[in-house]
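Listing of work-v3.txt, compact mmCIF, C-alpha atoms and all ligand atoms
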```
# COMPACT_ATOMS: atom_id res chain seq x y z
CA MET A 272 18.92 1.88 3.82
CA LEU A 273 15.58 2.35 2.08
CA ILE A 274 12.28 1.22 3.53
CA VAL A 275 8.88 1.24 1.85
CA GLN A 276 5.97 1.35 4.29
CA LYS A 277 2.39 0.77 3.18
CA PHE A 278 -0.59 1.88 5.27
CA GLY A 279 -3.97 0.24 4.81
CA GLY A 280 -7.36 1.91 5.13
CA THR A 281 -7.90 1.19 8.84
CA SER A 282 -4.40 2.45 9.63
CA LEU A 283 -5.38 5.88 8.26
CA ALA A 284 -8.99 6.13 9.44
CA GLY A 285 -9.08 9.32 11.50
CA GLU A 286 -6.65 11.95 12.70
CA GLU A 287 -5.11 9.90 15.52
CA ARG A 288 -4.30 6.99 13.24
CA ILE A 289 -2.84 9.28 10.60
CA ARG A 290 -0.57 10.75 13.27
CA GLN A 291 0.41 7.24 14.34
CA ALA A 292 1.26 6.34 10.72
CA ALA A 293 3.29 9.54 10.45
CA GLN A 294 5.16 8.40 13.58
CA TRP A 295 6.14 5.10 11.95
CA VAL A 296 7.31 6.92 8.84
CA THR A 297 9.30 9.62 10.61
CA GLN A 298 10.86 7.04 12.95
CA VAL A 299 12.62 5.58 9.90
CA ALA A 300 13.68 9.01 8.68
CA LYS A 301 14.98 9.89 12.15
CA ARG A 302 17.28 6.84 12.02
CA GLY A 303 18.73 8.29 8.81
CA SER A 304 17.09 5.88 6.39
CA ARG A 305 15.16 6.79 3.29
CA VAL A 306 11.45 6.11 3.40
CA VAL A 307 8.63 5.89 0.89
CA ALA A 308 5.09 5.60 2.29
CA VAL A 309 2.31 4.10 0.16
CA VAL A 310 -1.26 4.79 1.25
CA SER A 311 -4.70 3.24 0.77
CA ALA A 312 -7.96 5.17 0.99
CA GLN A 313 -9.18 5.78 4.57
CA GLY A 314 -11.50 3.24 6.18
CA THR A 315 -14.50 2.39 3.98
CA THR A 316 -13.87 5.26 1.54
CA THR A 317 -13.50 3.08 -1.57
CA ASP A 318 -16.73 1.20 -0.82
CA ASP A 319 -18.52 4.48 -0.19
CA LEU A 320 -17.25 5.97 -3.45
CA ILE A 321 -18.37 2.89 -5.41
CA LYS A 322 -21.86 3.08 -3.86
CA GLN A 323 -22.16 6.77 -4.71
CA ALA A 324 -21.02 6.26 -8.28
CA ILE A 325 -23.38 3.34 -8.91
CA SER A 326 -26.28 5.21 -7.35
CA LEU A 327 -25.73 8.06 -9.78
CA ASN A 328 -25.14 5.80 -12.77
CA PRO A 329 -25.47 2.01 -12.51
CA ARG A 330 -23.71 1.71 -15.86
CA VAL A 331 -20.81 4.03 -15.01
CA SER A 332 -17.89 3.46 -17.38
CA ALA A 333 -14.81 1.79 -15.97
CA ARG A 334 -12.70 4.78 -16.97
CA GLU A 335 -14.79 7.26 -14.99
CA MET A 336 -15.00 4.87 -12.05
CA ASP A 337 -11.20 4.64 -11.91
CA ALA A 338 -10.70 8.41 -12.15
CA TYR A 339 -13.16 8.76 -9.27
CA LEU A 340 -11.88 5.92 -7.04
CA ALA A 341 -8.30 7.14 -7.29
CA THR A 342 -9.29 10.20 -5.25
CA GLY A 343 -9.63 8.11 -2.07
CA GLU A 344 -5.90 7.45 -2.02
CA GLN A 345 -5.16 11.07 -2.92
CA ILE A 346 -6.94 12.24 0.23
CA SER A 347 -4.88 9.82 2.32
CA ALA A 348 -1.62 10.93 0.69
CA GLY A 349 -2.45 14.56 1.33
CA LEU A 350 -3.36 13.99 4.96
CA LEU A 351 -0.36 11.78 5.76
CA SER A 352 1.99 14.31 4.15
CA MET A 353 0.48 17.13 6.18
CA ALA A 354 0.89 15.13 9.39
CA ILE A 355 4.53 14.39 8.52
CA GLN A 356 5.09 18.06 7.68
CA ALA A 357 3.60 19.03 11.05
CA MET A 358 6.28 16.85 12.70
CA GLY A 359 8.92 18.95 10.98
CA TYR A 360 10.10 16.58 8.25
CA PRO A 361 10.48 17.44 4.55
CA VAL A 362 7.91 15.45 2.61
CA ILE A 363 6.20 15.33 -0.78
CA SER A 364 3.08 13.46 -1.87
CA LEU A 365 2.85 11.99 -5.36
CA THR A 366 -0.03 10.35 -7.24
CA GLY A 367 0.50 7.03 -9.01
CA TRP A 368 1.20 8.72 -12.33
CA GLN A 369 3.58 11.24 -10.77
CA ALA A 370 5.43 8.30 -9.24
CA GLY A 371 5.78 6.78 -12.72
CA ILE A 372 3.51 3.76 -12.34
CA PHE A 373 2.48 2.60 -15.83
CA THR A 374 -0.25 0.03 -16.29
CA ASP A 375 -2.17 -1.74 -19.01
CA HIS A 376 -5.65 -0.61 -20.08
CA THR A 377 -7.68 -2.91 -17.81
CA HIS A 378 -9.68 -0.33 -15.86
CA GLY A 379 -10.63 -1.63 -12.43
CA ASN A 380 -8.03 -4.38 -12.43
CA ALA A 381 -4.98 -2.94 -14.17
CA VAL A 382 -1.61 -4.67 -14.17
CA ILE A 383 1.58 -2.67 -13.61
CA LEU A 384 3.68 -2.89 -16.79
CA GLY A 385 6.56 -0.68 -15.76
CA LEU A 386 7.79 1.87 -13.30
CA ASP A 387 9.81 4.99 -13.99
CA ASN A 388 11.23 5.79 -10.57
CA ASN A 389 13.09 8.99 -11.58
CA ARG A 390 10.81 11.39 -9.76
CA VAL A 391 10.73 9.36 -6.55
CA VAL A 392 14.54 8.97 -6.56
CA THR A 393 15.02 12.70 -7.18
CA GLU A 394 12.82 13.56 -4.22
CA LEU A 395 14.55 11.01 -1.96
CA ASP A 396 17.93 12.41 -3.05
CA GLN A 397 16.74 15.81 -1.86
CA GLY A 398 16.19 14.34 1.58
CA LYS A 399 12.42 14.13 1.38
CA ILE A 400 10.05 11.51 2.66
CA VAL A 401 7.93 10.46 -0.34
CA VAL A 402 4.25 9.58 0.08
CA VAL A 403 2.68 7.77 -2.90
CA THR A 404 -0.98 6.99 -3.55
CA GLY A 405 -1.51 3.24 -3.71
CA PHE A 406 -3.92 1.34 -5.96
CA GLN A 407 -3.44 3.44 -9.09
CA GLY A 408 -1.38 4.15 -12.15
CA ILE A 409 -1.65 5.60 -15.62
CA ASN A 410 -2.09 3.80 -18.94
CA ALA A 411 -0.63 4.58 -22.37
CA ALA A 412 -3.68 6.73 -23.17
CA GLY A 413 -2.83 8.94 -20.20
CA ASP A 414 -5.86 7.78 -18.21
CA ILE A 415 -5.90 6.88 -14.52
CA THR A 416 -6.30 3.16 -13.86
CA THR A 417 -6.81 1.25 -10.61
CA LEU A 418 -5.15 -2.04 -9.70
CA GLY A 419 -8.11 -3.96 -8.24
CA ARG A 420 -9.37 -4.08 -4.65
CA GLY A 421 -6.52 -4.23 -2.16
CA GLY A 422 -4.10 -3.10 -4.88
CA SER A 423 -2.13 -0.70 -2.71
CA ASP A 424 -0.06 -3.64 -1.47
CA THR A 425 1.01 -4.21 -5.06
CA THR A 426 1.93 -0.53 -5.49
CA ALA A 427 4.15 -0.78 -2.41
CA VAL A 428 5.88 -3.95 -3.59
CA ALA A 429 6.39 -2.59 -7.12
CA LEU A 430 7.98 0.58 -5.76
CA ALA A 431 10.09 -1.33 -3.25
CA GLY A 432 11.29 -3.72 -5.95
CA CYS A 433 12.14 -1.01 -8.47
CA LEU A 434 13.84 1.19 -5.88
CA GLY A 435 15.87 -1.74 -4.51
CA ALA A 436 14.38 -1.25 -1.03
CA ASP A 437 15.81 -3.25 1.86
CA LEU A 438 12.39 -3.97 3.30
CA CYS A 439 8.74 -3.45 2.46
CA GLN A 440 6.53 -3.12 5.54
CA ILE A 441 2.77 -3.57 5.20
CA TYR A 442 1.11 -1.83 8.16
CA THR A 443 -2.39 -3.17 8.75
CA ASP A 444 -5.07 -3.76 11.41
CA VAL A 445 -3.83 -7.20 12.45
CA ALA A 446 -0.50 -8.14 14.04
CA GLY A 447 0.66 -10.25 11.10
CA VAL A 448 -0.28 -13.27 8.99
CA TYR A 449 -2.36 -15.90 10.82
CA ASP A 450 -3.35 -19.49 10.04
CA LYS A 451 -6.98 -18.25 9.96
CA ASP A 452 -8.77 -14.89 10.07
CA PRO A 453 -7.93 -13.42 13.52
CA HIS A 454 -11.00 -11.12 13.28
CA LEU A 455 -13.22 -14.23 13.30
CA TYR A 456 -11.20 -16.82 15.24
CA PRO A 457 -9.69 -15.80 18.59
CA ASP A 458 -7.51 -18.95 18.57
CA ALA A 459 -5.84 -18.01 15.26
CA VAL A 460 -2.06 -18.48 15.40
CA LYS A 461 0.31 -15.84 14.05
CA PHE A 462 3.29 -16.91 11.96
CA ASP A 463 6.73 -15.39 12.57
CA TRP A 464 7.44 -15.95 8.90
CA VAL A 465 5.83 -17.58 5.88
CA SER A 466 7.25 -18.45 2.47
CA TYR A 467 5.91 -16.78 -0.67
CA GLU A 468 4.35 -20.11 -1.67
CA LYS A 469 2.59 -20.56 1.64
CA MET A 470 1.36 -16.96 1.54
CA ARG A 471 -0.05 -17.52 -1.93
CA ARG A 472 -1.86 -20.64 -0.68
CA LEU A 473 -3.32 -18.68 2.25
CA ILE A 474 -4.56 -15.98 -0.15
CA ALA A 475 -6.03 -18.62 -2.49
CA GLY A 476 -7.81 -19.98 0.60
CA GLY A 477 -9.40 -16.59 1.28
CA ALA A 478 -6.83 -14.67 3.37
CA GLN A 479 -7.20 -10.97 2.57
CA VAL A 480 -4.21 -9.64 4.44
CA LEU A 481 -2.23 -9.13 1.19
CA HIS A 482 -3.18 -8.50 -2.46
CA ASP A 483 -2.36 -11.67 -4.45
CA ARG A 484 -0.28 -9.86 -7.08
CA SER A 485 1.83 -8.20 -4.41
CA VAL A 486 3.12 -11.60 -3.25
CA GLU A 487 3.89 -12.77 -6.80
CA LEU A 488 5.75 -9.54 -7.42
CA ALA A 489 7.68 -9.72 -4.13
CA GLN A 490 8.77 -13.24 -5.03
CA LYS A 491 9.89 -12.07 -8.46
CA PHE A 492 12.01 -9.34 -6.86
CA GLY A 493 13.18 -11.56 -3.98
CA LEU A 494 11.90 -8.81 -1.71
CA SER A 495 11.00 -9.54 1.93
CA LEU A 496 7.69 -8.20 3.18
CA GLU A 497 6.78 -7.59 6.78
CA VAL A 498 3.07 -7.58 7.68
CA LEU A 499 2.62 -5.78 11.01
CA SER A 500 0.12 -3.88 13.15
CA SER A 501 0.01 -0.12 12.70
CA PHE A 502 -1.49 0.13 16.19
CA THR A 503 1.41 -1.47 18.06
CA GLY A 504 4.30 -1.48 15.57
CA GLN A 505 5.37 -4.82 17.14
CA PRO A 506 7.30 -7.27 14.91
CA GLY A 507 4.79 -8.94 12.60
CA THR A 508 5.15 -11.72 10.04
CA ILE A 509 7.93 -11.82 7.46
CA VAL A 510 6.96 -13.10 4.01
CA CYS A 511 10.11 -14.28 2.26
CA GLY A 512 11.84 -17.09 0.36
CA GLU A 513 12.48 -20.51 1.97
CA THR A 514 16.15 -19.82 2.64
N1 LIG B 1 -8.56 1.50 -1.47
C1 LIG B 1 -8.51 0.36 -2.32
C2 LIG B 1 -9.49 -0.71 -1.84
O1 LIG B 1 -10.22 -0.48 -0.89
C3 LIG B 1 -7.11 -0.20 -2.45
C4 LIG B 1 -6.51 -0.74 -1.19
O2 LIG B 1 -7.07 -0.61 -0.11
O3 LIG B 1 -5.43 -1.32 -1.27
O4 LIG B 1 -9.55 -1.76 -2.40
MG MG B 2 -5.54 -4.58 2.01
```
Could I get this structure in the form of structure tokens?
Amino acid sequence: MLIVQKFGGTSLAGEERIRQAAQWVTQVAKRGSRVVAVVSAQGTTTDDLIKQAISLNPRVSAREMDAYLATGEQISAGLLSMAIQAMGYPVISLTGWQAGIFTDHTHGNAVILGLDNNRVVTELDQGKIVVVTGFQGINAAGDITTLGRGGSDTTAVALAGCLGADLCQIYTDVAGVYDKDPHLYPDAVKFDWVSYEKMRRLIAGGAQVLHDRSVELAQKFGLSLEVLSSFTGQPGTIVCGET
């Protein structure tokens, strides 16, 4: 059994939440399954980095912006790995390029073209938990690219698809996928499951719970996603095919 778990920014904002995320990861390892964790930058880090960069240079090049923004996820990967290590589990953190994520040249909104999963598989074979930075890859020029805002979901799905994972869990700050934004509407209703098509319609209508490309990619792989709360770990919403 192989599970990919992705942790969003709120799920990693602060020491307690990082420890909680590490709990979800190690719980899978404890059951004897393999686990890859994909991380976003903590809290508002990406917004803060963008503001800083633009303040210094309003015409910052897309290449430099990407190299800079990618550091947010690197901090998260480092911290989550350290928390997992502290719980006594073997773990390794990898950046997007170390994890073999190759993209096109579109800085700021790069598309994943291919994935060489050799390194990740080698580390899993050695019994390690693998933590991968979301949101980023490397292009043919050897430069760091980013996948667009919210792109860590797509990293998780790409890895899960290429590794043949049994499940891809997206840990977030809501309990699942709702008919409307639960942060704004207290009467929002949570779905037990939604089809890929319905999920894509919800995203087109403004839902931000998943990156649009991650759903397309999951559908292509026939991979089931589970969107769930990192605070409670209660069963969330499954995004899957109709059957
Ligand atoms: N940290 C990036 C962002 O804020 C990517 C992500 O969260 O998925 O957009
Ligand atoms: Mg997100």
All residues within 10 Å of ligand MG 2 (chain B) are required, counting all atoms listed in the file; please report them as a ChimeraX atom specification. /A:277-281,311,420-425,441-444,479-482
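If you measure from each of A:Ala338, A:Leu273, A:Ala312, A:Val362 to ligand LIG 1 (chain B) using only C-alpha atoms and all ligand atoms, the closest one turns out to be A:Ala312.
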Hey, what's within 10 Å of Ile355 (chain A) if we count all atoms listed in the file and toss same-chain stuff fewer than 5 positions away? As a list in words, please? Ile289, Arg290, Ala292, Ala293, Gln294, Val296, Thr297, Leu350, Tyr360, Pro361, Val362, Ile363, Ile400 and Val402 of chain A
Select, from A:Val401, A:Leu351, A:Met358, A:Leu418, the residue with the minimum atom-to-atom distance to ligand LIG 1 (chain B), counting only C-alpha atoms and all ligand atoms.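 Smallest distance to ligand LIG 1 (chain B) is found for A:Leu418.
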At what distance in Å, to one decimal, does CA of Glu344 (chain A) lie from CA of Leu327 (chain A)? 21.3 Å
Pick from A:Asn380, A:Ala478, A:Gly359, A:Gln313, whichever lies nearest to His454 (chain A) using only C-alpha atoms: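 Checking each of A:Asn380, A:Ala478, A:Gly359, A:Gln313 against His454 (chain A), counting only C-alpha atoms, the winner is A:Ala478.
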Measuring atom to atom with only C-alpha atoms and all ligand atoms, identify which of A:Val331, A:Val460, A:Ile346, A:Leu386 is nearest to ligand LIG 1 (chain B). A:Ile346
Quick one: residues within 10 Å of Thr416 (chain A), only C-alpha atoms, excluding same-chain residues fewer than 5 positions away - as a ChimeraX atom specification? /A:333-341,367-368,372-383,406-410
Which protein, DNA or RNA residues are at most 10 Å from (15.7, 9.5, 5.5) in the file's coordinates when you count only C-alpha atoms, listed as a PyMOL selection string? chain A and resi 272-274+296-307+360-361+395-401
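The closest residue to ligand LIG 1 (chain B), picked from A:Thr317, A:Ser466, A:Gln505, A:Gln345 and counting only C-alpha atoms and all ligand atoms, is A:Thr317.
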Using only C-alpha atoms, the best pick from A:Val428, A:Gly371, A:Gly512, A:Arg288 as closest to Gly413 (chain A) would be A:Gly371
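Note that the spacing between CA of Glu468 (chain A) and CA of Leu434 (chain A) amounts to 23.7 Å.
Our summary of the geometry notes that CA of Ala357 (chain A) is positioned 25.7 Å from CA of Thr426 (chain A).
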For Phe492 (chain A), list every protein, DNA or RNA residue within 10 Å, evaluated using only C-alpha atoms, and leave out those in the same chain fewer than 5 positions away; present the list as a count of residues only. 8
Report the centre and edge lengths, in Å to one decimal, of an axis-aligned box enclosing every atom of ligand LIG 1 (chain B) listed in the file, padded by 5 Å on each side, as lines of an AutoDock Vina configuration file.
```
center_x = -7.8
center_y = -0.1
center_z = -1.3
size_x = 14.8
size_y = 13.3
size_z = 12.3
```
